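Here's the structure we're looking at; comments come further down.
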Amino acid sequence: MSNANIFFDEQQQVFYLSNQQVSYLIQIEDGGVLSHLYFGKKVSGYHGSRLYPRLDRGFSPNLAGEPHQTDRRFSKDTLLQEYSGYDTGDFRQAAIKLRGVDGAEATDFRFKSYAIEKGKTNLSDLPHAYVLSDDEAQTLAIVLEDVTLNVELTLYYTIYADRPVVTRWSNIKNLSSENVKIEKIASLQLDLPANDLEVISLPGAHVRERSIERQPLRQGLTTFASHRGTSSHHMNPFIALVAPTTTENQGEAVGIQLVYSGNHQFSLEKDYVDQLRILAGINEEGFSWELTPDDSFQTPETLMVYSDEGLNGMSQAYHHLLRERVARGQYQYAQRPIVINNWEATYFDFNAEKIEEILDEAAPLGVEMFVLDDGWFGHRDDDDSSLGDWFEYTAKLKDGGGLNGLSQKVHDKGMKFGLWFEPEMISKNSDLYRAHPEYVLRIPERVMTPSRDQYVLDFSRPEVVDNIFDQMAAILDNVPIDYIKWDMNRHLTEVYSTALPADRQGEVAHRYMLGVYDLANRLTSRYPQILFEGCSGGGGRFDAGMLYYFPQSWTSDNTDPIERLKIQYGTTLSYPVSSMTAHVSASPNHQTGRKTSLKVRGDVATAGVFGYELNLAKLSDAEKSEIKDQISFYKQQRQLIQYGDFYRIKSPFEGNETAWEFVNEDKTEVLLFNYRVLSTAQPAFSITKMSHLLPEVLYVDQATQESFSGDELMSIGLYNAPIEQADFTSSVRYFKVQENELK
């Protein structure tokens with residue numbers, strides 16, 4: 001029997017969504033206004049404790065409509081709502097803004113009906129969380145209406161049975177005979193009573209993705225957004241609301257994550273009585289959508305998580321949800337192969353002989369997959385040509401039998417073969433551009449803005465998506481390929497499509513994203529045996545939307561292990577380790593110039609989906625031997641690292657040390673990673689306290705055979721080891737429960 005339960009209390013006019021971990025309460029207030037009551041830890045019942053107080057506040061308008069319009073104590077201006085309108089008495093940020101044929105933008109949605117169903121209502125043509133059985137969840141659909149515009153708005157709430165998760169999205173339908181323009185439509189609104197809260201976000205930049213920033217919320221508007229056409233390196237589509245006392249393992253946290261890879265916006269507004277409104281959805285800047293009669297529009301989905309066990313509790317809920325009910329396909333739970341990529345070894349300058357040298361070096365070390373990166377297609381010898389021409393550059397690999405010959409050589413060495421694509425981009429110097437200049441995003445009569453000597457294909461046009469699909473399929477149907485790296489190396493400018501009229505250009509960015517999802521869905525459906533990895537200059541589109549199609553993504557173009565400590569730590573706040581690729585690269589590092597040992601590079605990269613990006617032929621025999629040991633270690637621990645429970649212990653954002661651990665499902669195996677950035681004279685002896693172990697059993701360090709009880713490791717802790725007087729040091733310890741302990 002499902003633990004998910006949704007019911008409607010007729011007497012109190014309250015919707016009650018609950019499982020064993022969380023509850024969500026909604027009330028139909030006076031006048032049919034939908035009011036938010038509660039989201040948090042499970043409550044056994046509700047008896048009116050959150051009925052919104054009545055108070056006459058100066059300059060707060062009365063609720064329109066009889067008989068409530070004479071009651072000065074009740075106003076939408078301060079009421080905690082589920083989904084707010086615009087210009088009808090609520091002066092805070094609105095969840096929805098529509099423009100009617102008369103030019104007015106006012107919206108006033110009131111309750112109309114509801115339905116409760118088993119399972120989950122899925123979105124069409126958009127990525128989303130899902131269920132495998134209707135017993136896993138229940139869904140509440142609340143229908144609101146604006147009678148003046150004759151428009152219906154349906155709010156969808158799904159509560160999972162055994163997860164602290166509520167998903168939300170909305171769908172609007174035009175029932176009138178006139179066009180209605182959507183100027184803003186949020187996926188989620190969450191109104192919270194006055195409280196002392198902080199917000200955590202994941203800002204960054206190219207090669208510095210997903211830093212953790214925590215700040216108090218003060219009166220006024222705080223916004224986290226991307227307007228770059230992608231979820232972006234610069235602001236990930238995720239936030240967490242926490243109490244000031246919340247830590248990694250204690251305190252309350254509410255996570256809000258958008259399952260979307262395009263322009264997004266999180267708006268947090270603290271009003272004049274310290275109440276907080278959170279809105280999440282498509283970025284309203286540059287967005288509009290023409291809704292014709294009987295047409296509808298669905299928003300991307302949001303994933304809400306509640307934890308009373310700190311940030312690690314929130315992260316665990318997201319890790320399991322994204323891995324188990326967002327990611328799909330045969331690689332969802334499969335152990336991911338260890339990769340060698342030729343990019344930093346050769347860049348564009350490769351031929352069959354150079355590639356075969358890499359293969360000859362990689363196979364004996366235990367590498368499981370070779371990936372041929374940029375430069376194999378069109379006439380691509382540098383980055384100013386051939387994007388859009390996805391046919392083989394036969395001259396480059398002619399001495400090795402072309403792509404088919406290379407694929408055969410890779411497979412003969414017992415490895416898998418992967419290939420790089422950048423499907424959304426086009427070069428002016430390409431056959432595709434010469435044949436179809438109209439395929440580019442561009443504004444007529446305006447010079448296009450270049451970026452990396454490439455331009456963006458207009459994926460809002462189905463014929464453009466069809467063209468790229470057909471080109472890629474011609475390669476994939478004829479060359480045995482096991483893996484594809486899908487890259488995307490610039491942001492969108494001149495977001496204009498000549499296929500749409502002038503008054504519908506606000507639709508282009510979202511239609512573009514729908515085109516990307518369409519191509520991803522068609523490719524992954526036609527080639528389920530291929531492992532797809534997302535990439536956008538590294539982590540520029542690292543989000544739950546892409547995870548729905550690609551089970552892993554390149555975390556960052558920055559492979560410096562010291563920089564990666566912060567990047568990987570921040571990424572795990574909301575994404576599972578199985579989605580996060582991490583490679584060992586050359587030293588000095590190509591992004592930072594920093595020199596680090598092969599050991600610390602390996603100890604950072606093995607805390608993700610592992611691989612290499614360097615020229616193996618230039619390494620010494622000792623370095624090759626060390627790489628062989630790294631690969632052997634990773635193969636032994638791969639299941640635990642990729643699919644175990646990951647917990648953060650010491651933050652690189654807060655000090656000189658970083659620590660994290662991986663624990664298997666029954667808590668009998670644990671990997672502890674420690675890192676120190678800079679050495680000091682007369683160093684302090686620091687202690688690491690582990691977490692989430694079995695308290696009363698003995699754990700044995702498999703290297704030293706020392707035994708420690710679980711509560712000893714968690715409460716007393718271990719001195720960090722080894723003690724080295726050097727910068728950039730690391731250690732990895734593997735513990736197993738003593739065999740007779742669990743009998």
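Ordered as shown in the structure tokens, chains take letters A, B, and onward, while each chain numbers its residues from 1 and ligands are numbered from 1 in the order shown.
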Show which residues sit within 12 Å of His411 (chain A), as a list in words. Count only C-alpha atoms, and ignore same-chain residues fewer than 3 positions away.
Leu359, Ala363, Glu368, Met369, Phe370, Asn404, Gly405, Leu406, Ser407, Gln408, Gly414, Met415, Lys416, Phe417, Gly418, Val479, Pro480, Ile481 and Asp482 of chain A
Surrounding residues of Gly644 (chain A) excluding itself and chain neighbours under 6 positions, 6 Å, only C-alpha atoms, as a CSV table (one decimal) with all heavy atoms, in the first residue's frame:
```
chain,number,residue,atom,x,y,z
A,662,PHE,N,31.8,8.1,1.0
A,662,PHE,CA,30.8,7.3,0.3
A,662,PHE,C,30.4,6.1,1.2
A,662,PHE,O,31.3,5.4,1.7
A,662,PHE,CB,31.4,6.8,-1.0
A,662,PHE,CG,31.7,7.9,-2.0
A,662,PHE,CD1,32.9,8.5,-1.9
A,662,PHE,CD2,30.8,8.2,-2.9
A,662,PHE,CE1,33.2,9.5,-2.9
A,662,PHE,CE2,31.1,9.2,-3.9
A,662,PHE,CZ,32.3,9.9,-3.8
A,663,VAL,N,29.2,5.9,1.4
A,663,VAL,CA,28.7,4.8,2.3
A,663,VAL,C,27.7,3.9,1.5
A,663,VAL,O,26.9,4.4,0.8
A,663,VAL,CB,28.0,5.3,3.5
A,663,VAL,CG1,27.6,4.2,4.4
A,663,VAL,CG2,28.8,6.3,4.2
A,664,ASN,N,27.9,2.6,1.5
A,664,ASN,CA,27.0,1.7,0.8
A,664,ASN,C,25.7,1.6,1.5
A,664,ASN,O,25.5,2.1,2.6
A,664,ASN,CB,27.6,0.3,0.6
A,664,ASN,CG,27.8,-0.5,1.8
A,664,ASN,OD1,27.6,0.0,3.0
A,664,ASN,ND2,28.1,-1.8,1.7
```
Check the smallest atom-to-atom distance from each of A:Pro652, A:Pro501, A:Pro588, A:Gly329 to Ser525 (chain A) using only C-alpha atoms, then report the winner.
A:Gly329
Taking the DSSP assignment computed from this structure's backbone, write out as a PyMOL selection string all residues of region 534-583 of chain A that belong to strand (DSSP E or B).
chain A and resi 534+536+539+552-554+580-583
What's around Asp518 (chain A) at 9 Å? Count only C-alpha atoms, leave out sequence neighbours fewer than 5 positions away in its own chain, and write the answer as a list in words.
Asp125, Leu126, Val465, Met513 and Leu523 of chain A
Determine which residues of region 460-632 of chain A DSSP labels as helix (DSSP H, G or I) from the backbone of this structure, then write them out as JSON, numbers by chain.
{"A": [462, 463, 464, 465, 466, 467, 468, 469, 470, 471, 472, 473, 474, 475, 476, 502, 503, 504, 505, 506, 507, 508, 509, 510, 511, 512, 513, 514, 515, 516, 517, 518, 519, 520, 521, 522, 523, 524, 525, 526, 544, 545, 546, 547, 561, 562, 563, 564, 565, 566, 567, 568, 569, 570, 571, 577, 578, 579, 598, 599, 600, 601, 602, 603, 604, 605, 616, 617, 618, 621, 622, 623, 624, 625, 626, 627, 628, 629, 630, 631, 632]}
From the list A:Leu322, A:Ile562, A:Met714, A:Ala95, the nearest residue to Gly593 (chain A) using only C-alpha atoms is A:Ile562
Residue nearest Gln21 (chain A) among A:Val165, A:Val440, A:Val147, A:Ile426 (counting only C-alpha atoms):
A:Val165
With a distance cut-off of 9 Å and only C-alpha atoms, select the neighbouring residues of Gly537 (chain A), excluding the residue or stretch itself and same-chain residues fewer than 4 positions from it, and output the selection as an MDAnalysis selection string.
chainID A and resid 206:207 233 487:490 541 554 556:557
Give me the residues near Tyr333 (chain A) as a list in words, where near means some atom within 8 Å (using only C-alpha atoms) and where sequence neighbours in that chain fewer than 3 positions away do not count.
Arg323, Gln330 and Tyr643 of chain A
Record the distance separating CA of Val447 (chain A) and CA of Tyr433 (chain A), expressed in Å with one decimal.
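If I compute the distance from CA of Val447 (chain A) to CA of Tyr433 (chain A), I get 15.6 Å.
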Taking into account only C-alpha atoms, which residue in the set A:Thr572, A:Asn283, A:Ser679, A:Ser35 is nearest to Asn263 (chain A)?
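Of A:Thr572, A:Asn283, A:Ser679, A:Ser35, the one nearest Asn263 (chain A), counting only C-alpha atoms, is A:Asn283.
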What lies within 6 Å of Ala280 (chain A) using only C-alpha atoms, ignoring chain neighbours under 4 positions off, as a PyMOL selection string?
chain A and resi 186-188+265-266
Produce a file of the selected residues containing N, CA and C atoms, as a tab-separated table (two decimals), in the first residue's frame.
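part13.tsv, freshly written:
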```tsv
chain	number	residue	atom	x	y	z
A	186	ALA	N	4.93	31.07	-13.84
A	186	ALA	CA	5.84	30.34	-12.96
A	186	ALA	C	5.44	28.87	-12.88
A	187	SER	N	6.43	28.03	-12.65
A	187	SER	CA	6.16	26.62	-12.38
A	187	SER	C	5.69	26.41	-10.95
A	188	LEU	N	6.16	27.28	-10.06
A	188	LEU	CA	5.92	27.10	-8.63
A	188	LEU	C	5.87	28.43	-7.94
A	265	GLN	N	14.48	31.44	-13.71
A	265	GLN	CA	14.41	32.56	-12.77
A	265	GLN	C	13.85	32.07	-11.44
A	266	PHE	N	14.57	32.38	-10.36
A	266	PHE	CA	14.08	32.17	-9.00
A	266	PHE	C	13.98	33.56	-8.37
```
